[in-house]
Every structure is written in structure tokens, then in C-alpha cells.
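Shown next: start_15.pdb, containing PDB, C-alpha atoms.
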```pdb
ATOM      1  CA  ASP A  26      80.047  82.754 198.913
ATOM      2  CA  ALA A  27      79.292  85.101 196.017
ATOM      3  CA  GLY A  28      77.273  87.479 198.146
ATOM      4  CA  VAL A  29      74.391  89.371 196.572
ATOM      5  CA  THR A  30      74.658  89.488 192.789
ATOM      6  CA  GLN A  31      72.735  91.771 190.457
ATOM      7  CA  SER A  32      72.420  91.849 186.703
ATOM      8  CA  PRO A  33      72.922  93.647 184.473
ATOM      9  CA  THR A  34      75.398  96.160 185.892
ATOM     10  CA  HIS A  35      74.408  98.895 183.455
ATOM     11  CA  LEU A  36      71.385  99.410 181.258
ATOM     12  CA  ILE A  37      70.158 102.118 178.912
ATOM     13  CA  LYS A  38      66.460 102.279 178.014
ATOM     14  CA  THR A  39      64.170 104.665 176.183
ATOM     15  CA  ARG A  40      61.232 106.466 177.770
ATOM     16  CA  GLY A  41      58.104 104.339 177.712
ATOM     17  CA  GLN A  42      59.972 101.040 177.596
ATOM     18  CA  GLN A  43      59.898  98.333 180.218
ATOM     19  CA  VAL A  44      62.896  96.950 182.129
ATOM     20  CA  THR A  45      63.626  93.904 184.277
ATOM     21  CA  LEU A  46      66.435  93.813 186.808
ATOM     22  CA  ARG A  47      67.597  90.641 188.527
ATOM     23  CA  CYS A  48      68.994  89.770 191.941
ATOM     24  CA  SER A  49      70.374  86.613 193.531
ATOM     25  CA  PRO A  50      70.518  86.776 197.324
ATOM     26  CA  LYS A  51      73.396  85.773 199.540
ATOM     27  CA  SER A  52      73.461  82.074 200.335
ATOM     28  CA  GLY A  53      71.160  81.282 203.270
ATOM     29  CA  HIS A  54      69.046  84.420 202.837
ATOM     30  CA  ASP A  55      65.339  84.208 202.020
ATOM     31  CA  THR A  56      64.288  87.860 201.860
ATOM     32  CA  VAL A  57      65.005  90.375 199.124
ATOM     33  CA  SER A  58      64.499  94.127 199.304
ATOM     34  CA  TRP A  59      64.866  96.619 196.469
ATOM     35  CA  TYR A  60      66.018 100.223 196.764
ATOM     36  CA  GLN A  61      66.287 103.107 194.305
ATOM     37  CA  GLN A  62      69.243 105.464 194.704
ATOM     38  CA  ALA A  63      69.034 108.642 192.634
ATOM     39  CA  LEU A  64      72.269 110.489 191.978
ATOM     40  CA  GLY A  65      73.541 112.259 195.080
ATOM     41  CA  GLN A  66      70.819 110.861 197.328
ATOM     42  CA  GLY A  67      70.335 108.050 199.781
ATOM     43  CA  PRO A  68      68.615 104.815 198.776
ATOM     44  CA  GLN A  69      64.800 104.775 198.919
ATOM     45  CA  PHE A  70      62.934 101.564 199.812
ATOM     46  CA  ILE A  71      60.816 100.205 196.960
ATOM     47  CA  PHE A  72      59.544  96.878 198.314
ATOM     48  CA  GLN A  73      60.479  93.660 200.068
ATOM     49  CA  TYR A  74      59.762  90.068 199.033
ATOM     50  CA  TYR A  75      59.497  87.053 201.304
ATOM     51  CA  GLU A  76      58.033  83.617 200.541
ATOM     52  CA  GLU A  77      57.399  84.765 196.967
ATOM     53  CA  GLU A  78      55.086  87.570 198.060
ATOM     54  CA  GLU A  79      55.452  91.319 198.444
ATOM     55  CA  ARG A  80      55.557  91.858 202.193
ATOM     56  CA  GLN A  81      56.165  95.586 202.481
ATOM     57  CA  ARG A  82      56.116  98.457 200.002
ATOM     58  CA  GLY A  83      57.492 101.965 199.934
ATOM     59  CA  ASN A  84      56.017 105.016 198.250
ATOM     60  CA  PHE A  85      56.463 103.952 194.624
ATOM     61  CA  PRO A  86      53.827 103.788 191.876
ATOM     62  CA  ASP A  87      52.365 100.573 190.525
ATOM     63  CA  ARG A  88      54.695 100.829 187.526
ATOM     64  CA  PHE A  89      57.211  99.235 189.879
ATOM     65  CA  SER A  90      56.518  95.561 190.431
ATOM     66  CA  GLY A  91      58.478  92.547 191.458
ATOM     67  CA  HIS A  92      58.655  88.846 191.788
ATOM     68  CA  GLN A  93      60.438  86.327 193.948
ATOM     69  CA  PHE A  94      61.172  82.818 192.758
ATOM     70  CA  PRO A  95      61.273  79.567 194.780
ATOM     71  CA  ASN A  96      65.092  79.778 194.891
ATOM     72  CA  TYR A  97      64.702  83.224 196.589
ATOM     73  CA  SER A  98      66.063  85.173 193.631
ATOM     74  CA  SER A  99      64.067  88.209 192.630
ATOM     75  CA  GLU A 100      63.216  90.493 189.738
ATOM     76  CA  LEU A 101      62.287  94.162 189.711
ATOM     77  CA  ASN A 102      60.146  95.301 186.785
ATOM     78  CA  VAL A 103      59.523  98.891 185.834
ATOM     79  CA  ASN A 104      56.933  99.707 183.160
ATOM     80  CA  ALA A 105      56.445 102.874 181.127
ATOM     81  CA  LEU A 106      59.873 104.220 182.022
ATOM     82  CA  LEU A 107      60.265 107.909 182.808
ATOM     83  CA  LEU A 108      63.435 109.987 182.712
ATOM     84  CA  GLY A 109      63.130 110.266 186.494
ATOM     85  CA  ASP A 110      63.529 106.509 186.854
ATOM     86  CA  SER A 111      67.217 106.881 186.025
ATOM     87  CA  ALA A 112      69.025 105.710 189.145
ATOM     88  CA  LEU A 113      71.122 103.003 190.751
ATOM     89  CA  TYR A 114      68.869 100.123 191.764
ATOM     90  CA  LEU A 115      70.136  98.177 194.752
ATOM     91  CA  CYS A 116      69.091  94.759 195.901
ATOM     92  CA  ALA A 117      69.568  93.732 199.537
ATOM     93  CA  SER A 118      69.116  90.278 201.009
ATOM     94  CA  SER A 119      68.542  89.147 204.573
ATOM     95  CA  PHE A 120      67.132  86.247 206.564
ATOM     96  CA  SER A 121      63.718  86.515 208.173
ATOM     97  CA  ALA A 122      64.169  85.136 211.668
ATOM     98  CA  LEU A 123      61.395  84.958 214.267
ATOM     99  CA  GLY A 124      62.713  88.024 216.074
ATOM    100  CA  GLY A 125      63.044  90.075 212.909
ATOM    101  CA  ASN A 126      65.206  90.247 209.844
ATOM    102  CA  THR A 127      68.944  89.853 210.092
ATOM    103  CA  GLU A 128      71.285  92.504 208.767
ATOM    104  CA  ALA A 129      70.910  93.363 205.076
ATOM    105  CA  PHE A 130      73.686  92.704 202.569
ATOM    106  CA  PHE A 131      73.668  94.794 199.400
ATOM    107  CA  GLY A 132      74.617  93.999 195.844
ATOM    108  CA  GLN A 133      76.645  96.365 193.690
ATOM    109  CA  GLY A 134      73.543  97.627 191.944
ATOM    110  CA  THR A 135      72.239  98.110 188.430
ATOM    111  CA  ARG A 136      72.748 101.560 186.929
ATOM    112  CA  LEU A 137      69.648 102.341 184.830
ATOM    113  CA  THR A 138      69.715 105.286 182.450
ATOM    114  CA  VAL A 139      66.493 106.327 180.724
ATOM    115  CA  VAL A 140      66.907 108.492 177.640
TER     116      VAL A 140
ATOM    117  CA  GLY B  17      57.078 109.243 209.852
ATOM    118  CA  ASN B  18      60.548 107.896 210.419
ATOM    119  CA  SER B  19      63.431 109.885 208.957
ATOM    120  CA  VAL B  20      67.190 110.356 209.109
ATOM    121  CA  THR B  21      69.105 113.624 208.783
ATOM    122  CA  GLN B  22      72.865 113.700 208.338
ATOM    123  CA  MET B  23      75.311 116.505 207.850
ATOM    124  CA  GLU B  24      75.854 117.687 204.329
ATOM    125  CA  GLY B  25      79.129 117.114 202.615
ATOM    126  CA  PRO B  26      81.552 117.065 201.212
ATOM    127  CA  VAL B  27      83.814 116.721 204.207
ATOM    128  CA  THR B  28      87.455 117.217 203.280
ATOM    129  CA  LEU B  29      90.174 116.172 205.719
ATOM    130  CA  SER B  30      93.892 115.573 205.775
ATOM    131  CA  GLU B  31      95.174 112.107 206.564
ATOM    132  CA  GLU B  32      95.252 111.336 210.314
ATOM    133  CA  ALA B  33      92.647 114.022 211.110
ATOM    134  CA  PHE B  34      89.681 113.342 213.400
ATOM    135  CA  LEU B  35      86.370 112.641 211.721
ATOM    136  CA  THR B  36      82.828 113.318 212.899
ATOM    137  CA  ILE B  37      79.761 112.917 210.701
ATOM    138  CA  ASN B  38      76.564 113.918 212.462
ATOM    139  CA  CYS B  39      73.377 111.897 212.184
ATOM    140  CA  THR B  40      70.039 112.448 213.900
ATOM    141  CA  TYR B  41      66.853 110.499 213.503
ATOM    142  CA  THR B  42      63.115 110.673 214.059
ATOM    143  CA  ALA B  43      61.387 107.395 214.785
ATOM    144  CA  THR B  44      58.605 105.766 216.705
ATOM    145  CA  GLY B  45      59.509 102.815 218.843
ATOM    146  CA  TYR B  46      63.056 101.544 219.131
ATOM    147  CA  PRO B  47      64.758 101.312 215.754
ATOM    148  CA  SER B  48      68.127  99.797 215.014
ATOM    149  CA  LEU B  49      70.706 102.261 213.675
ATOM    150  CA  PHE B  50      73.325 101.665 211.019
ATOM    151  CA  TRP B  51      76.187 103.304 209.172
ATOM    152  CA  TYR B  52      76.788 102.107 205.632
ATOM    153  CA  VAL B  53      79.707 103.056 203.380
ATOM    154  CA  GLN B  54      79.692 103.266 199.591
ATOM    155  CA  TYR B  55      82.998 103.290 197.753
ATOM    156  CA  PRO B  56      83.095 104.645 194.177
ATOM    157  CA  GLY B  57      81.281 102.363 191.749
ATOM    158  CA  GLU B  58      80.215  99.928 194.437
ATOM    159  CA  GLY B  59      77.130  99.001 196.427
ATOM    160  CA  LEU B  60      76.616  99.598 200.128
ATOM    161  CA  GLN B  61      78.653  97.899 202.821
ATOM    162  CA  LEU B  62      77.567  97.774 206.440
ATOM    163  CA  LEU B  63      80.153  99.618 208.516
ATOM    164  CA  LEU B  64      78.635  99.294 211.991
ATOM    165  CA  LYS B  65      75.335  99.016 213.807
ATOM    166  CA  ALA B  66      73.649  99.473 217.181
ATOM    167  CA  THR B  67      70.366  97.881 218.158
ATOM    168  CA  LYS B  68      69.441  99.632 221.414
ATOM    169  CA  ALA B  69      70.047 102.810 223.385
ATOM    170  CA  ASP B  70      73.621 103.353 224.645
ATOM    171  CA  ASP B  71      74.987 100.595 222.397
ATOM    172  CA  LYS B  72      78.263 101.469 220.710
ATOM    173  CA  GLY B  73      78.916 100.052 217.263
ATOM    174  CA  SER B  74      82.506  99.860 216.077
ATOM    175  CA  ASN B  75      84.455  98.574 213.086
ATOM    176  CA  LYS B  76      87.731  99.431 211.335
ATOM    177  CA  GLY B  77      88.419 102.265 213.779
ATOM    178  CA  PHE B  78      84.986 103.842 213.280
ATOM    179  CA  GLU B  79      82.578 104.211 216.210
ATOM    180  CA  ALA B  80      79.044 105.435 216.789
ATOM    181  CA  THR B  81      76.915 105.452 219.943
ATOM    182  CA  TYR B  82      73.121 105.146 219.941
ATOM    183  CA  ARG B  83      71.937 108.173 221.945
ATOM    184  CA  LYS B  84      68.207 107.990 222.528
ATOM    185  CA  GLU B  85      68.077 111.212 224.588
ATOM    186  CA  THR B  86      69.462 113.241 221.676
ATOM    187  CA  THR B  87      68.161 110.897 218.923
ATOM    188  CA  SER B  88      71.639 110.809 217.440
ATOM    189  CA  PHE B  89      74.112 108.292 216.043
ATOM    190  CA  HIS B  90      77.196 110.307 215.102
ATOM    191  CA  LEU B  91      80.037 108.556 213.287
ATOM    192  CA  GLU B  92      83.601 109.151 214.535
ATOM    193  CA  LYS B  93      87.099 108.024 213.688
ATOM    194  CA  GLY B  94      90.226 109.177 215.448
ATOM    195  CA  SER B  95      92.596 109.119 212.487
ATOM    196  CA  VAL B  96      91.315 108.902 208.909
ATOM    197  CA  GLN B  97      93.204 107.413 205.983
ATOM    198  CA  VAL B  98      93.042 108.156 202.266
ATOM    199  CA  SER B  99      91.354 104.772 201.834
ATOM    200  CA  ASP B 100      88.410 106.001 203.957
ATOM    201  CA  SER B 101      87.350 108.328 201.134
ATOM    202  CA  ALA B 102      83.782 107.290 200.308
ATOM    203  CA  VAL B 103      80.149 108.242 200.860
ATOM    204  CA  TYR B 104      78.763 107.426 204.309
ATOM    205  CA  PHE B 105      75.070 106.789 204.926
ATOM    206  CA  CYS B 106      73.293 106.779 208.249
ATOM    207  CA  ALA B 107      70.195 104.564 208.322
ATOM    208  CA  LEU B 108      67.546 103.283 210.655
ATOM    209  CA  GLY B 109      65.808  99.932 210.515
ATOM    210  CA  SER B 110      62.138 100.028 211.358
ATOM    211  CA  GLY B 111      59.936  97.169 212.352
ATOM    212  CA  GLY B 112      60.699  93.471 212.361
ATOM    213  CA  TYR B 113      61.262  93.450 208.627
ATOM    214  CA  ASN B 114      64.075  95.965 209.000
ATOM    215  CA  LYS B 115      63.053  98.207 206.138
ATOM    216  CA  LEU B 116      65.935 100.680 205.979
ATOM    217  CA  ILE B 117      65.469 104.441 205.877
ATOM    218  CA  PHE B 118      68.600 106.270 204.762
ATOM    219  CA  GLY B 119      69.950 109.749 205.136
ATOM    220  CA  ALA B 120      71.131 111.628 202.056
ATOM    221  CA  GLY B 121      74.748 110.590 202.541
ATOM    222  CA  THR B 122      77.931 112.477 203.362
ATOM    223  CA  ARG B 123      80.876 112.384 201.001
ATOM    224  CA  LEU B 124      84.267 112.181 202.705
ATOM    225  CA  ALA B 125      87.467 113.056 200.872
ATOM    226  CA  VAL B 126      90.776 112.424 202.662
ATOM    227  CA  HIS B 127      93.945 113.925 201.228
ATOM    228  CA  PRO B 128      97.518 112.799 201.926
TER     229      PRO B 128
END
```
Before anything else, please render the file you have as C-alpha cells.
Amino acid sequence: DAGVTQSPTHLIKTRGQQVTLRCSPKSGHDTVSWYQQALGQGPQFIFQYYEEEERQRGNFPDRFSGHQFPNYSSELNVNALLLGDSALYLCASSFSALGGNTEAFFGQGTRLTVV
Amino acid sequence: GNSVTQMEGPVTLSEEAFLTINCTYTATGYPSLFWYVQYPGEGLQLLLKATKADDKGSNKGFEATYRKETTSFHLEKGSVQVSDSAVYFCALGSGGYNKLIFGAGTRLAVHP
């Protein structure tokens, strides 16, 4: 089992550009959550996708959007990049059971640098 | 709203010393509580969890007890190793979807 895989591992973009980050969940998982981790801080919840729809969203602007595909993989898109978007972006997958989601497994993250 | 506060680091210890990292939380309802560990250059790994009051989570010699009366979930280990050097995050899971709310992290450095 490959676990949660994210690509690319590192990325450098210029202010104003757009970026797409990708995530493949752990086998058997159907839910993907995205987190932003700024340097020296804890991860902040961006949003969660289930059944190809955004189910829950954190306090992030509309410049942050996502998508989930039928195979449960997911993309995070960020438009009009700002210097403050520089961070480690983490993807977490879980399974949505009737009693609530199972424990989240995290990928190694994508380090985005905006210059 | 829900939040997590953990002690600031860095925490520097000698090998075989006792470790405590404090974590307190504010939450409505009955959240699940977690400790995650992040080794250099890596993502987060779940270290242990507790889903209800008085539960004790344990793994790899680490322990934490869910204390509802003090809203705390302190991480402890009796004898740390150099390989335990990492950043430790306390987190709570809110609601059925288990959206995670993290503390700011505590960096632990263990010296031989």
C-alpha cells in the first residue's frame, strides 16, 4: 500500500500565477482533506472532499478551490498566488463511515514557494 | 470556536530523560484528541489518539490521557531517545467529519 501520495514535492511559482497540487488517497479511503502548514505553525484546515463534492471548508478565500475525481484522488488549486501562500500543503485521506470519519493519514506534502 | 494550545518549544532533553509536552483544548461537545509527529522533511504521522474522556492513548512508549475536567491531553514518555527528535502536534477532531484542529507544534530535540 503506497499510502497517501502527493505531487509535486516542491514547487516554485511567481506572484499572480495559478498552481495545482495533486493527491492520491490511501487505498480504501474515499475522503480527502487539504491543510496548509505555514513555516513554524500547525496545519490549518482548507477543505474536505467526499463523493466529488466539497463537504466542509475552513477559513480560506475563494482563490483556494478543489476537485475530487471518481477514483477519489483530488486536486487543490490556488489562483492569483500571494507571497503569503508559501507553505507546506498537506493532503490527508480517510474513510467516511456511518459513525464518522476514520483516522486521517497524511501525505508528505507539497512545499510551495511563491516568489 | 474550537482551539488547541500546546506548550512552546523547543524542548531540549538528554537521552533517557522524562518528557512532558502540555496540551489543552477548547471545544464544544466531545471531540477526539490526537498527537501527531512530524519528522524533518516528512508529513504528519499519527502517534496516538483518544476518543472519549479518561481514555489513554499509547504508542512507542508515548502516552496521553484525555482529561475532560482539565481539558487537557498532555503527552508523556518515560525515557526519550535521540530518534524521538521531531515536532509534535496536538490536535482535536471535531464533528463526524473529523476536521482536525492543530496546535502550533512543539519541537523536541534529544541529545546523546
- Residues of chain B no more than 12 Å from chain A, counting all atoms listed in the file: send them over as a VMD selection string. chain B and resid 19 to 22 24 to 26 47 to 67 103 to 123
- Query: Hey, what comes out of the PyMOL selection byres ((chain A and resi 32-47) around 10) on this file? Could you write it as a ChimeraX atom specification?
  - Reply: /A:30-31,48-49,88-93,98-111,113-116,132-140
- Item | Expansion of the PyMOL selection byres ((chain B and resi 37) around 7) into residues, as a list in words |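 Applied to this file, the PyMOL selection byres ((chain B and resi 37) around 7) returns Met23, Leu35, Thr36, Asn38, Cys39, His90, Leu91 and Glu92 of chain B.
Among the candidates A:Asn84, A:Glu77, A:Gly28, A:Tyr97, the residue lying nearest to Asp55 (chain A) is A:Tyr97 (atoms considered: all atoms listed in the file).
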- Item | CA of Thr81 (chain B) to CA of Val98 (chain B), straight-line distance in Å |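 Interatomic distance here is 24.1 Å.
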- Which residues, written as a list in words, have at least one atom at most 6 Å from Phe78 (chain B), with all atoms listed in the file counted and residues fewer than 3 positions away on the same chain left out?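 Residues near the query, excluding close chain neighbours: Ser74, Asn75, Glu92 and Lys93 of chain B.
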Restricting it to C-alpha atoms, dump the selection as a PDB file, in the frame of the given file.
```
ATOM      1  CA  SER B  74      82.506  99.860 216.077  1.00  0.00           C
ATOM      2  CA  ASN B  75      84.455  98.574 213.086  1.00  0.00           C
ATOM      3  CA  GLU B  92      83.601 109.151 214.535  1.00  0.00           C
ATOM      4  CA  LYS B  93      87.099 108.024 213.688  1.00  0.00           C
TER       5      LYS B  93
END
```
- So what do you get for CA of Asp71 (chain B) versus CA of Glu31 (chain B), distance-wise? 28.1 Å
To test the calculation: enclose all listed atoms of region 45-54 of chain A in a box whose edges run along x, y and z, add 8 Å on each side, then state centre and edge lengths in Å to one decimal, as AutoDock Vina command-line options.
```
--center_x 68.5 --center_y 87.6 --center_z 193.8 --size_x 25.8 --size_y 28.6 --size_z 35.0
```
- What residues come out when you apply the PyMOL selection byres ((chain B and resi 70) around 7) to this file, written as a PyMOL selection string? chain B and resi 68-69+71-72+81-83
- Item | Shortest interatomic distance to Gln61 (chain A) - which of A:Asn96, A:Val29, A:Phe85, A:Ser118, counting all atoms listed in the file |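 Under the stated criterion, the closest residue is A:Phe85.
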- Query: At what distance in Å, to one decimal, does CA of Thr40 (chain B) lie from CA of Leu124 (chain B)?
  - Reply: 18.1 Å
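For the point (96.2, 113.7, 208.9), the residues with at least one atom inside 9 Å, counting all atoms listed in the file, are Leu29, Ser30, Glu31, Glu32, Ala33, Phe34, Ser95, Val96, Gln97, Val126, His127 and Pro128 of chain B.
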Could you write out the selected residues, including C-alpha atoms, as a short mmCIF file (atom, residue, chain, number, x, y, z; two decimals), in the coordinates of the input?
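What ended up in out.cif:
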```
data_model
loop_
_atom_site.label_atom_id
_atom_site.label_comp_id
_atom_site.auth_asym_id
_atom_site.auth_seq_id
_atom_site.Cartn_x
_atom_site.Cartn_y
_atom_site.Cartn_z
CA LEU B 29 90.17 116.17 205.72
CA SER B 30 93.89 115.57 205.78
CA GLU B 31 95.17 112.11 206.56
CA GLU B 32 95.25 111.34 210.31
CA ALA B 33 92.65 114.02 211.11
CA PHE B 34 89.68 113.34 213.40
CA SER B 95 92.60 109.12 212.49
CA VAL B 96 91.32 108.90 208.91
CA GLN B 97 93.20 107.41 205.98
CA VAL B 126 90.78 112.42 202.66
CA HIS B 127 93.94 113.92 201.23
CA PRO B 128 97.52 112.80 201.93
#
```
- Pick from A:Leu64, A:Val57, A:Ala112, A:Ala27, whichever lies nearest to Glu78 (chain A) using all atoms listed in the file: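 Looking at the shortest contact to Glu78 (chain A), the residue is A:Val57.
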